[in-house]
Amino acid sequence: MQRPAESRPIQSPAESRQPPAASPVIEVRGLEVSFPSPSERTGERVLKAADDVSFALRPGEVLGLVGESGCGKSVTALSLLGLVPPPGRITGGSAVFEGADLLALPESTLQGIRGARISMIFQEPMTALNPVFTIGEQVAEVLRAHRRMDRARAWRGAVEALARVGIADAATRARAYPHEISGGMRQRAMIAMALACGPDVLIADEPTTALDVIVQAQIVDLLLEVQSATGLAVLFISHDLGVISEVADRVMVMYAGRLVEEAPAEALFSGPLHPYTRGLIDTLPGGAPGDATRRRLPAIPGTVPDLRALPQGCRFAERCPLAEDACRAAEPPLQEGADGRRVACFMAGPSFKAEP
Amino acid sequence: MSRHPTGQTAGGQGMLALAWMRFRRHRLALGSTVVLAVLAALAVAAPLVEAILGTSFGEVDLFNRFAAPSPAHPLGTDELGRDVLVRLLHGGRISLAVGLTAAVVSAILGTVVGLSAGYYGGRLDALLMRFTDGVIALPFLPLLIVLAAVDLGKLGLPAAVVQSEYVSLMRIVAIVALVGWTTVARLVRGAALSLREREFVLAAHAQGAGGMRIMAVHILPNLVSPIVVATTLSVGNVILLESVLSFLGLGIEPAIPSWGNLLTGAQELIWDAPALAFYPGLLIFATVIAFNFLGDGLQDALDPKAMEG
C-alpha cells in the first residue's frame with residue numbers, strides 16, 4: 001500500500017523519539033498458539049500459528065509487528081488478552097504483565113484487565129462497532145463496565161473521550177450510529193473506546209488497513225499524539241511497512257508463526273539482517289530512503305509454507321536467495337546481537353550486509 | 001453500505017424514526033394496527049359498555065333468548081338471553097390477553113434457549129437443539145389434550161390456585177408457552193451463531209465484557225427485530241390455538257367467555273342462530289389476519305439490511 005505523500009519520509013518521526021529503556025510492561029516468552037488441523041495427508045495433529053514468540057514491550061514505546069497475512073501477528077496479539085479464537089489454544093509460554101502471567105490468569109481477572117489496562121483496536125471499525133448502538137453509548141458502556149459509572153457520568157465521560165480523539169462537536173456526534181459516520185471517524189470512536197479507561201497498553205491490530213491513505217495518515221498522527229501525551233505502550237500490528245516505519249520505535253518481523261528479526265526501526269529499514277525483511281523492504285515503492293531510481297518492483301518468489309507441513313530447517317529457505325544446505329538442515333535460532341538486534345538467520349552477518 | 005443523508009438521522013433522531021417511516025408505507029400493516037388498536041380499546045372498555053347497557057357478561061335472561069339487535073342489546077342475545085356484544089368484548093379481553101401473554105412468555109423462553117445455544121455453541125448447543133427438535137417432533141394436538149386434562153390438584157398446587165376461575169387461562173398460557181418457544185429458539189440461535197462471530201463481539205471481549213454481558217448488551221439488542229416480528233406473528237397463532245382448544249372443550253372454561261368458547265357454544269345452534277357463530281369467528285379471523293399483516297409490516301420496517309441500505 002502506498003504512503004500518501006513524499007512529505008512523510010519513511011522513518012523520520014520514529015527517529016526523533018528516544019527509545020525508552022525502562023523494564024517492560026509486557027514480557028512475552030516462548031509464546032506458542034496451536035490450532036488443531038485435520039490434515040490426513042501429513043498426519044499432523046496441530047499447527048502452530050505462533051511458535052516460540054518472545055519479545056518485550058517497554059513503557060512509552062511503539063513496538064511494530066509486521067508480517068504478511070496469516071503469519072501469526074493477530075493471534076499473538078489476541079493471546080495477550082486471552083482471546084485466541086477457538087479451536088486455537090495457547091500451548092506454551094508466558095506473558096508477564098505487572099508480575100502476573102496473562103496467559104495463566106483466570107477469565108474473571110482477565111475481564112478486569114481487558115479494556116481497562118490493556119486495550120485493543122481492530123482493523124475494520126464498521127464491524128468492530130455494534131450497529132444498534134450510538135458511538136457515545138458504546139464508549140459509555142466501557143466506562144460503565146470498568147469504572148462502574150452511572151449513565152449520566154459515563155455519557156459525559158464518553159463525550160470527553162470522543163473529543164480527545166479529535167471528533168469535532170463530540171456531544172452531537174456521540175448520538176450518531178456507526179453507519180452514519182465516516183470510516184475515519186469510526187476508527188476514532190474505536191480509539192476513544194480503547195483509551196476511555198486510560199490503559200497502560202494499546203494493541204492496535206491493523207488499525208489503518210481498512211482506511212484510505214489520507215485518513216490513515218490522520219489516524220497514525222492521532223495514535224502518535226495520544227501515545228506521546230499519555231506514555232502509553234503500543235503494540236502496532238500491520239502488514240504495511242510504510243505505516244510501521246512512521247509509527248514504530250522498534251520493529252519485529254514475523255514469518256510463518258515465528259519472529260525472524262527485531263531491530264530499532266531506523267536500523268531495520270537502513271540495514272535489514274534477515275533476507276525476508278530485506279525482501280519486504282525492497283517491495284516498497286521508492287525502496288529504501290534515498291533510492292529514487294525508477295525500477296520494476298521486486299517480489300519475493302514463492303508463497304508462505306503451509307503451517308501444517310513446514311519444511312525442515314529454516315521456514316524461509318525455499319524462497320530465500322541466500323539459502324544454503326545448512327538452512328535446509330536446521331532451523332536458525334533467534335539470536336541476540338549487538339545493539340539489541342535479534343535475527344534468526346545463519347546468513348546474517350557482515351557478508352550478508354554487503355549483498356546488494 | 002451507503003450512508004443515510006445525515007440531515008435525516010444525525011443527532012440520533014434514530015432508527016425508530018426510520019423504521020416508522022418504512023412502516024407507514026406498509027398500508028395493510030398500518031390498517032391492521034388500527035383494527036387491533038380498536039379491538040384492544042373495545043376489549044379494555046368492556047366494563048364500561050356493560051355499565052352503559054346495564055347488563056353484565058354473565059347476566060342470564062331466559063325470557064329474552066335469541067333476541068334481535070335492539071338498543072338494549074346492540075347485537076342481540078344468545079341462547080341464555082345474555083348480551084352478545086358484551087360477551088364478545090369480554091371474550092376479546094381473554095383471547096387477546098391469552099394470545100399476547102402466551103406469545104411473550106414463549107418468546108422469552110425461546111430467546112433464553114436460543115441465545116444460550118447460539119452463543120455458547122458446542123455441546124450445550126447440541127443438547128438444547130436436539131431437545132428443541134424433540135419438542136417440535138411431539139404430536140401437538142394429543143399433547144395439548146393430555147396437558148389440558150392434567151388434574152392440577154394432583155400436582156400439589158394449592159387449592160386456592162386450582163379452584164381459581166382463571167386457572168384455565170393460566171393453563172392455556174403455560175401449555176402454549178411450553179410448546180411454542182421452539183420457533184423463536186431456532187430463530188435466535190441461528191442469529192446468535194452468526195452474531196457471535198462478528199468483530200464487535202470480539203471487540204467487546206477485548207474491552208473486558210464477560211459472556212453474560214456480551215449476550216445481554218451486545219447480542220440481544222441485535223436480535224430485537226426478529227424476536228418482535230416472530231412474537232407478533234405468533235400472537236395470531238396462539239389465538240387460533242386457544243379457539244381450537246376451547247372448541248374441543250379443553251380451553252377456557254365456558255363460564256369465562258373467550259372467542260374460542262363463544263364459537264364452541266354456538267356450534268350446536270348454528271342453524272338457529274348463525275350470528276352467534278359468525279361474530280366470534282369474524283373477530284378471530286380479523287385479529288389473526290391483522291397480527292399477520294402487522295408482523296409482515298414490522299419485518300419490513302425493522303429489517304436491519306433495509307436499515308443500512
# chains A, B, ... in the order shown; residues from 1 in each chain; ligands from 1
>>> interface_residues(of="chain A", to="chain B", cutoff="9 Å", atoms="only C-alpha atoms", output="ChimeraX atom specification")
/A:78,81-83,107-108,110-116,118-122,124-134,141-142,145-146,172-177,179-182,193-194
>>> closest_residue(among="A:Asp249, A:Asp240, A:Glu27, A:Asp51", to="Pro207 of chain A", atoms="only C-alpha atoms")
A:Asp240
>>> closest_residue(among="A:Gly99, A:Gly67, A:Gly136, A:Pro24", to="Ala192 of chain A", atoms="only C-alpha atoms")
A:Gly136
>>> atom_distance(atom1="atom CA of Val49 of chain B", atom2="atom CA of Ile94 of chain B")
16.0 Å
>>> select_by_dssp(residues="segment 67-238 of chain B", states="alpha helix (DSSP H)", output="number ranges by chain")
B: 84-120, 122-137, 140-149, 159-163, 167-180, 182-195, 199-206, 211-213, 220-238
>>> closest_residue(among="A:Arg153, A:Val33, A:Val139, A:Cys197", to="Ala170 of chain A", atoms="only C-alpha atoms")
A:Val139
>>> residues_around(residues="Leu85 of chain B", least_positions_apart="5", cutoff="12 Å", atoms="only C-alpha atoms", output="PyMOL selection string")
chain B and resi 42-43+45-47+49-50+53+55-57+69-78+90-92+257+259+262+275-276+279-280+283
>>> select_by_dssp(residues="segment 140-304 of chain A", states="strand (DSSP E)", output="PyMOL selection string")
chain A and resi 201-205+233-238+250-255+258-264
>>> atom_distance(atom1="atom CA of Arg342 of chain A", atom2="atom CA of Gly271 of chain A")
12.7 Å
>>> closest_residue(among="B:Met215, B:Ile252, B:Ile52, B:Ala107", to="Leu233 of chain B", atoms="only C-alpha atoms")
B:Ala107
>>> closest_residue(among="A:Phe97, A:Phe55, A:Trp155, A:Phe346", to="Val253 of chain A", atoms="only C-alpha atoms")
A:Phe55
>>> closest_residue(among="B:Glu79, B:Ile214, B:Leu109, B:Val184", to="Glu268 of chain B", atoms="only C-alpha atoms")
B:Glu79
>>> atom_distance(atom1="atom CA of Thr182 of chain B", atom2="atom CA of Gly134 of chain B")
9.8 Å
>>> residues_around(residues="Leu103 of chain A", least_positions_apart="2", cutoff="9 Å", atoms="only C-alpha atoms", output="list in words")
Ser79, Leu80, Leu81, Gly82, Ile90, Gly92, Gly93, Ser94, Ala95, Val96, Ala100, Asp101, Leu105 and Pro106 of chain A
>>> write_last_selection(atoms="C-alpha atoms", output="PDB file, in the first residue's frame")
ATOM      1  CA  SER A  79      -3.322 -14.336  23.017  1.00  0.00           C
ATOM      2  CA  LEU A  80      -2.130 -11.493  25.265  1.00  0.00           C
ATOM      3  CA  LEU A  81      -5.784 -10.828  26.098  1.00  0.00           C
ATOM      4  CA  GLY A  82      -6.767 -14.479  26.282  1.00  0.00           C
ATOM      5  CA  ILE A  90      -2.231 -21.260  23.918  1.00  0.00           C
ATOM      6  CA  GLY A  92       3.120 -22.712  25.802  1.00  0.00           C
ATOM      7  CA  GLY A  93       4.965 -19.695  27.050  1.00  0.00           C
ATOM      8  CA  SER A  94       4.217 -16.815  29.338  1.00  0.00           C
ATOM      9  CA  ALA A  95       3.304 -13.130  29.045  1.00  0.00           C
ATOM     10  CA  VAL A  96       4.098 -11.270  32.228  1.00  0.00           C
ATOM     11  CA  ALA A 100       1.204 -11.839  36.610  1.00  0.00           C
ATOM     12  CA  ASP A 101       1.195 -14.215  33.661  1.00  0.00           C
ATOM     13  CA  LEU A 105      -4.883 -15.714  34.580  1.00  0.00           C
ATOM     14  CA  PRO A 106      -8.485 -16.804  35.154  1.00  0.00           C
TER      15      PRO A 106
END
>>> decode(residues="segment 60-82 of chain B", atoms="N, CA and C atoms", output="mmCIF file, in the first residue's frame")
data_model
loop_
_atom_site.group_PDB
_atom_site.id
_atom_site.type_symbol
_atom_site.label_atom_id
_atom_site.label_comp_id
_atom_site.auth_asym_id
_atom_site.auth_seq_id
_atom_site.Cartn_x
_atom_site.Cartn_y
_atom_site.Cartn_z
ATOM 1 N N VAL B 60 -78.050 -13.732 32.914
ATOM 2 C CA VAL B 60 -78.949 -14.594 32.130
ATOM 3 C C VAL B 60 -80.354 -13.990 32.148
ATOM 4 N N ASP B 61 -81.040 -13.990 30.982
ATOM 5 C CA ASP B 61 -82.418 -13.512 30.917
ATOM 6 C C ASP B 61 -83.183 -14.484 30.029
ATOM 7 N N LEU B 62 -83.734 -15.538 30.673
ATOM 8 C CA LEU B 62 -84.312 -16.630 29.897
ATOM 9 C C LEU B 62 -85.582 -16.224 29.142
ATOM 10 N N PHE B 63 -86.138 -15.045 29.483
ATOM 11 C CA PHE B 63 -87.326 -14.588 28.747
ATOM 12 C C PHE B 63 -86.958 -13.804 27.498
ATOM 13 N N ASN B 64 -85.669 -13.670 27.280
ATOM 14 C CA ASN B 64 -85.231 -12.830 26.162
ATOM 15 C C ASN B 64 -84.148 -13.546 25.364
ATOM 16 N N ARG B 65 -84.403 -14.839 25.052
ATOM 17 C CA ARG B 65 -83.393 -15.597 24.314
ATOM 18 C C ARG B 65 -83.433 -15.240 22.835
ATOM 19 N N PHE B 66 -82.263 -15.336 22.203
ATOM 20 C CA PHE B 66 -82.136 -15.103 20.754
ATOM 21 C C PHE B 66 -82.807 -13.811 20.313
ATOM 22 N N ALA B 67 -82.685 -12.771 21.146
ATOM 23 C CA ALA B 67 -83.312 -11.508 20.783
ATOM 24 C C ALA B 67 -82.593 -10.890 19.591
ATOM 25 N N ALA B 68 -83.363 -10.193 18.754
ATOM 26 C CA ALA B 68 -82.768 -9.483 17.631
ATOM 27 C C ALA B 68 -82.047 -8.251 18.178
ATOM 28 N N PRO B 69 -81.134 -7.710 17.387
ATOM 29 C CA PRO B 69 -80.449 -6.495 17.833
ATOM 30 C C PRO B 69 -81.442 -5.403 18.209
ATOM 31 N N SER B 70 -81.148 -4.697 19.293
ATOM 32 C CA SER B 70 -82.018 -3.632 19.778
ATOM 33 C C SER B 70 -81.118 -2.653 20.529
ATOM 34 N N PRO B 71 -81.625 -1.474 20.858
ATOM 35 C CA PRO B 71 -80.788 -0.516 21.603
ATOM 36 C C PRO B 71 -80.250 -1.122 22.893
ATOM 37 N N ALA B 72 -81.021 -1.970 23.571
ATOM 38 C CA ALA B 72 -80.555 -2.562 24.817
ATOM 39 C C ALA B 72 -79.508 -3.640 24.565
ATOM 40 N N HIS B 73 -79.655 -4.349 23.455
ATOM 41 C CA HIS B 73 -78.698 -5.401 23.085
ATOM 42 C C HIS B 73 -78.281 -5.196 21.634
ATOM 43 N N PRO B 74 -77.255 -4.361 21.386
ATOM 44 C CA PRO B 74 -76.908 -3.949 20.012
ATOM 45 C C PRO B 74 -76.679 -5.126 19.062
ATOM 46 N N LEU B 75 -76.190 -6.279 19.580
ATOM 47 C CA LEU B 75 -76.008 -7.433 18.705
ATOM 48 C C LEU B 75 -76.948 -8.574 19.089
ATOM 49 N N GLY B 76 -77.981 -8.234 19.838
ATOM 50 C CA GLY B 76 -78.927 -9.277 20.224
ATOM 51 C C GLY B 76 -78.460 -10.052 21.447
ATOM 52 N N THR B 77 -79.135 -11.185 21.727
ATOM 53 C CA THR B 77 -78.779 -12.026 22.876
ATOM 54 C C THR B 77 -78.589 -13.461 22.425
ATOM 55 N N ASP B 78 -77.954 -14.259 23.304
ATOM 56 C CA ASP B 78 -77.669 -15.652 22.947
ATOM 57 C C ASP B 78 -78.737 -16.597 23.506
ATOM 58 N N GLU B 79 -78.395 -17.889 23.548
ATOM 59 C CA GLU B 79 -79.404 -18.877 23.916
ATOM 60 C C GLU B 79 -79.844 -18.767 25.375
ATOM 61 N N LEU B 80 -79.080 -18.046 26.196
ATOM 62 C CA LEU B 80 -79.486 -17.853 27.584
ATOM 63 C C LEU B 80 -79.918 -16.409 27.823
ATOM 64 N N GLY B 81 -80.083 -15.663 26.750
ATOM 65 C CA GLY B 81 -80.529 -14.291 26.866
ATOM 66 C C GLY B 81 -79.431 -13.333 27.303
ATOM 67 N N ARG B 82 -78.151 -13.793 27.177
ATOM 68 C CA ARG B 82 -77.053 -12.901 27.553
ATOM 69 C C ARG B 82 -76.703 -11.984 26.389
#
